[in-house]
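Asks: This is the structure I have questions about; it appears just below.
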Amino acid sequence: MELIPAIDLIDGKCVRLYQGDYTQETVYAEDPVEVALRWENLGASRIHIVDLDGARSGNPDNLTVVERIVSAVQVPVQMGGGVRTLDTARCILDTGIHRVMLGTVAVRDPQIVHEVCAQFGSEAVVVAVDSKDGQVAVSGWTSASQIQATDLVASMVEAGVQTFLCTDISRDGTLSGPNYDLMHGLVQVAGKGIIAAGGIASIQHLQRLTDIGVGAAVIGKALYTADIDLHEAVATIGGCNRPC
């Protein structure tokens, strides 16, 4: 299983939110570039970036910082947050980002997902499925939809999407453990294309996700609090860290 460290951006700083709540923000680093280089040096084969300002506003606000990260690291970078048009996806991919993440637009205007896949290839697309109690949330987790996470993944698989970042909002930033039932159900739909996120706090959590069949995991708060040592985790989970 591929282990992907997360860098969440607000006002150009590396932060973490608790359960997606913008009022519960912790700043972990003033310079996200240094953080990205640290994760790369510890064995990350990919970096995960979310522009939280962009997720809320609907337009990426931290592209200058993202460009600095892409220029500094040698590993591929995936990014999301406020990507809701074909032109925005193109702009982000032009910075050198390898995979662009589409979340809100997959619910509100799925045709955009089709267009991005058609123009840039499905390998350049990740659909972010953020859910609470099984239902998908949008607009930086500030608004709920009536769509079930499994239904959204199934419809996007039909559209040609191969990779899905699946986050249980109620567990994100809590270190309380992943929602294994949710991840198991999503694996039944998309197999190794599922990237798990939310609540991961130990190598044991990662091992259980591997056993379920998840292809990758995004690790956030647990790295910043040192609950998980990335170097140790990479060495333990399969003995390597490569894209699945």
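Chain labels run A, B, ... following the order of the structure tokens; each chain numbers its residues from 1, and ligands are numbered from 1 in the order shown.
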Excluding Leu86 of chain A and any residue of its chain fewer than 4 positions from it, enumerate the residues within 8 Å of it, using only C-alpha atoms, and give them as JSON, numbers by chain.

Replies: {"A": [90, 112, 115, 116]}

Asks: Could you write out that same residue set with C-alpha atoms as a JSON list (two decimals), in the first residue's frame?

Replies:
[["chain", "number", "residue", "atom", "x", "y", "z"],
["A", 90, "ARG", "CA", -5.60, 22.69, -16.56],
["A", 112, "ILE", "CA", -16.56, 18.37, -15.68],
["A", 115, "GLU", "CA", -14.06, 16.44, -19.53],
["A", 116, "VAL", "CA", -10.94, 16.45, -17.33]]

Asks: Neighbouring residues of Val33 of chain A were defined as those with any atom within 8 Å, considering only C-alpha atoms; residues of the same chain fewer than 6 positions away were excluded. Please report them as a PDB file with all heavy atoms, in the first residue's frame.

Replies:
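Result went into out_24.pdb, see below:
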ATOM      1  N   VAL A  65       2.371  28.760  -3.431  1.00  0.00           N
ATOM      2  CA  VAL A  65       3.008  27.815  -2.507  1.00  0.00           C
ATOM      3  C   VAL A  65       3.094  26.435  -3.136  1.00  0.00           C
ATOM      4  O   VAL A  65       4.116  25.743  -3.026  1.00  0.00           O
ATOM      5  CB  VAL A  65       2.226  27.748  -1.183  1.00  0.00           C
ATOM      6  CG1 VAL A  65       2.832  26.704  -0.249  1.00  0.00           C
ATOM      7  CG2 VAL A  65       2.206  29.106  -0.507  1.00  0.00           C
ATOM      8  N   ARG A  68       5.943  26.179  -5.498  1.00  0.00           N
ATOM      9  CA  ARG A  68       7.220  26.065  -4.787  1.00  0.00           C
ATOM     10  C   ARG A  68       7.455  24.629  -4.319  1.00  0.00           C
ATOM     11  O   ARG A  68       8.579  24.114  -4.388  1.00  0.00           O
ATOM     12  CB  ARG A  68       7.247  27.008  -3.585  1.00  0.00           C
ATOM     13  CG  ARG A  68       7.344  28.489  -3.948  1.00  0.00           C
ATOM     14  CD  ARG A  68       7.266  29.371  -2.700  1.00  0.00           C
ATOM     15  NE  ARG A  68       8.256  28.957  -1.702  1.00  0.00           N
ATOM     16  CZ  ARG A  68       8.015  28.883  -0.408  1.00  0.00           C
ATOM     17  NH1 ARG A  68       6.812  29.196   0.078  1.00  0.00           N
ATOM     18  NH2 ARG A  68       8.968  28.515   0.428  1.00  0.00           N
ATOM     19  N   ILE A  69       6.401  23.973  -3.849  1.00  0.00           N
ATOM     20  CA  ILE A  69       6.533  22.581  -3.398  1.00  0.00           C
ATOM     21  C   ILE A  69       6.876  21.678  -4.575  1.00  0.00           C
ATOM     22  O   ILE A  69       7.797  20.848  -4.504  1.00  0.00           O
ATOM     23  CB  ILE A  69       5.233  22.106  -2.712  1.00  0.00           C
ATOM     24  CG1 ILE A  69       5.021  22.860  -1.400  1.00  0.00           C
ATOM     25  CG2 ILE A  69       5.281  20.598  -2.465  1.00  0.00           C
ATOM     26  CD1 ILE A  69       3.674  22.593  -0.746  1.00  0.00           C
ATOM     27  N   ALA A  72      10.396  21.932  -5.571  1.00  0.00           N
ATOM     28  CA  ALA A  72      11.384  21.498  -4.572  1.00  0.00           C
ATOM     29  C   ALA A  72      11.523  19.993  -4.472  1.00  0.00           C
ATOM     30  O   ALA A  72      12.624  19.489  -4.201  1.00  0.00           O
ATOM     31  CB  ALA A  72      11.008  22.068  -3.202  1.00  0.00           C
TER      32      ALA A  72
END

Asks: May I have the residues within 12 Å of Asp109 of chain A as a VMD selection string, using only C-alpha atoms and disregarding those fewer than 3 positions away in the same chain?

Replies: chain A and resid 83 to 86 102 to 106 112 to 116 138 156

Asks: Calculated over only C-alpha atoms, which of the candidates A:Gly12, A:Pro5, A:Gly134, A:Gly191 has the smallest distance to Asn41 of chain A?

Replies: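 Comparing A:Gly12, A:Pro5, A:Gly134, A:Gly191 against Asn41 of chain A, the winner is A:Pro5.
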
Asks: Quick one: distance from atom CA of Glu40 of chain A to atom CA of Asp61 of chain A in Å, one decimal?

Replies: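 About the pair atom CA of Glu40 of chain A and atom CA of Asp61 of chain A: they are 23.9 Å apart.
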
Asks: Can you work out which one of A:Ala197, A:His231, A:Val187, A:Cys14 has the shortest atom-to-atom distance to Asp211 of chain A, counting only C-alpha atoms?

Replies: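 Going through A:Ala197, A:His231, A:Val187, A:Cys14 one by one, the smallest distance to Asp211 of chain A is for A:Val187.
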
Asks: Atom CA of Val70 of chain A and atom CA of Glu232 of chain A are how many Å apart?

Replies: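 Between atom CA of Val70 of chain A and atom CA of Glu232 of chain A the gap works out to 24.7 Å.
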
Asks: So which one's closest to Ile49 of chain A, A:Leu63, A:Ile7, A:Ala154, A:Cys117? Using only C-alpha atoms, please.

Replies: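 Residue with the minimum atom-to-atom distance to Ile49 of chain A: A:Ile7.
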
Asks: Which residue is closest to Phe164 of chain A? Choose from A:Ile200, A:Val127, A:Leu182, A:Ala89 and count only C-alpha atoms.

Replies: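 With only C-alpha atoms as the atom set, the closest residue is A:Val127.
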
Asks: Which residues in segment 36-236 of chain A does DSSP call strand (DSSP E)? List them as number ranges by chain.

Replies: A: 47-51, 77-80, 99-102, 125-132, 135-138, 143-148, 164-168, 194-197, 216-219

Asks: If you run DSSP on the backbone, which residues of segment 184-220 of chain A are helix (DSSP H, G or I), as a ChimeraX atom specification?

Replies: /A:184-193,203-212

Asks: Could you save the residues just selected, with N, CA, C and O atoms, as a CSV table (one decimal), in the first residue's frame?

Replies:
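Saved as part.csv:
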chain,number,residue,atom,x,y,z
A,184,HIS,N,-14.2,-0.7,3.4
A,184,HIS,CA,-14.5,-2.0,2.8
A,184,HIS,C,-15.6,-1.9,1.8
A,184,HIS,O,-15.4,-2.5,0.7
A,185,GLY,N,-16.6,-1.2,2.0
A,185,GLY,CA,-17.7,-1.0,1.0
A,185,GLY,C,-17.2,-0.4,-0.2
A,185,GLY,O,-17.6,-0.8,-1.4
A,186,LEU,N,-16.3,0.6,-0.1
A,186,LEU,CA,-15.8,1.3,-1.3
A,186,LEU,C,-14.8,0.5,-2.1
A,186,LEU,O,-14.8,0.6,-3.3
A,187,VAL,N,-14.1,-0.3,-1.4
A,187,VAL,CA,-13.2,-1.3,-2.1
A,187,VAL,C,-13.9,-2.2,-2.9
A,187,VAL,O,-13.5,-2.6,-4.0
A,188,GLN,N,-15.1,-2.6,-2.5
A,188,GLN,CA,-16.0,-3.5,-3.3
A,188,GLN,C,-16.4,-2.9,-4.6
A,188,GLN,O,-16.6,-3.6,-5.6
A,189,VAL,N,-16.4,-1.5,-4.6
A,189,VAL,CA,-16.8,-0.8,-5.9
A,189,VAL,C,-15.6,-0.5,-6.7
A,189,VAL,O,-15.6,-0.6,-8.0
A,190,ALA,N,-14.5,0.0,-6.1
A,190,ALA,CA,-13.3,0.5,-6.9
A,190,ALA,C,-12.0,-0.2,-6.6
A,190,ALA,O,-11.0,0.2,-7.2
A,191,GLY,N,-12.0,-1.3,-5.8
A,191,GLY,CA,-10.8,-2.0,-5.6
A,191,GLY,C,-9.6,-1.2,-5.1
A,191,GLY,O,-9.8,-0.4,-4.2
A,192,LYS,N,-8.4,-1.5,-5.6
A,192,LYS,CA,-7.2,-0.8,-5.2
A,192,LYS,C,-7.2,0.7,-5.5
A,192,LYS,O,-6.3,1.4,-5.1
A,193,GLY,N,-8.2,1.1,-6.2
A,193,GLY,CA,-8.3,2.6,-6.5
A,193,GLY,C,-8.7,3.4,-5.4
A,193,GLY,O,-8.7,4.7,-5.5
A,203,ILE,N,0.4,2.3,12.8
A,203,ILE,CA,0.8,1.4,11.7
A,203,ILE,C,-0.2,0.2,11.7
A,203,ILE,O,-0.5,-0.3,10.7
A,204,GLN,N,-0.8,-0.1,12.9
A,204,GLN,CA,-1.8,-1.1,12.9
A,204,GLN,C,-3.0,-0.7,12.1
A,204,GLN,O,-3.6,-1.6,11.4
A,205,HIS,N,-3.4,0.5,12.1
A,205,HIS,CA,-4.5,1.0,11.3
A,205,HIS,C,-4.2,0.8,9.8
A,205,HIS,O,-5.0,0.4,9.0
A,206,LEU,N,-3.0,1.1,9.5
A,206,LEU,CA,-2.5,1.0,8.1
A,206,LEU,C,-2.5,-0.5,7.6
A,206,LEU,O,-2.9,-0.8,6.5
A,207,GLN,N,-2.1,-1.3,8.5
A,207,GLN,CA,-2.1,-2.8,8.2
A,207,GLN,C,-3.5,-3.3,8.0
A,207,GLN,O,-3.7,-4.1,7.0
A,208,ARG,N,-4.4,-2.9,8.8
A,208,ARG,CA,-5.8,-3.3,8.6
A,208,ARG,C,-6.4,-2.8,7.3
A,208,ARG,O,-7.1,-3.5,6.6
A,209,LEU,N,-6.1,-1.6,7.0
A,209,LEU,CA,-6.5,-1.1,5.7
A,209,LEU,C,-5.9,-1.9,4.5
A,209,LEU,O,-6.6,-2.1,3.5
A,210,THR,N,-4.7,-2.2,4.7
A,210,THR,CA,-4.1,-3.1,3.7
A,210,THR,C,-4.8,-4.4,3.5
A,210,THR,O,-5.1,-4.9,2.4
A,211,ASP,N,-5.2,-5.0,4.7
A,211,ASP,CA,-5.9,-6.3,4.6
A,211,ASP,C,-7.2,-6.2,4.0
A,211,ASP,O,-7.7,-7.1,3.3
A,212,ILE,N,-7.9,-5.0,4.1
A,212,ILE,CA,-9.2,-4.7,3.5
A,212,ILE,C,-9.1,-4.7,2.0
A,212,ILE,O,-10.0,-5.0,1.3

Asks: So which residues touch Gln162 of chain A within 8 Å, counting only C-alpha atoms, skipping near sequence neighbours fewer than 5 positions away, as a ChimeraX atom specification?

Replies: /A:122-123,125-126,157,190,193

Asks: Just checking: using only C-alpha atoms, which residue out of A:Arg16, A:Asn179, A:Leu9, A:Ala118 ends up closest to Ala222 of chain A?

Replies: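 Closest residue, counting only C-alpha atoms: A:Arg16.
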
Asks: What does the distance between atom CA of Gln78 of chain A and atom CA of Pro60 of chain A come to in Å, to one decimal place?

Replies: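 These atoms are spaced 13.6 Å apart.
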
Asks: Hey, which of A:Ala233, A:Ile194, A:Val77, A:Val218 ends up closest to Val129 of chain A? Count only C-alpha atoms.

Replies: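 Closest to Val129 of chain A, using only C-alpha atoms: A:Ile194.
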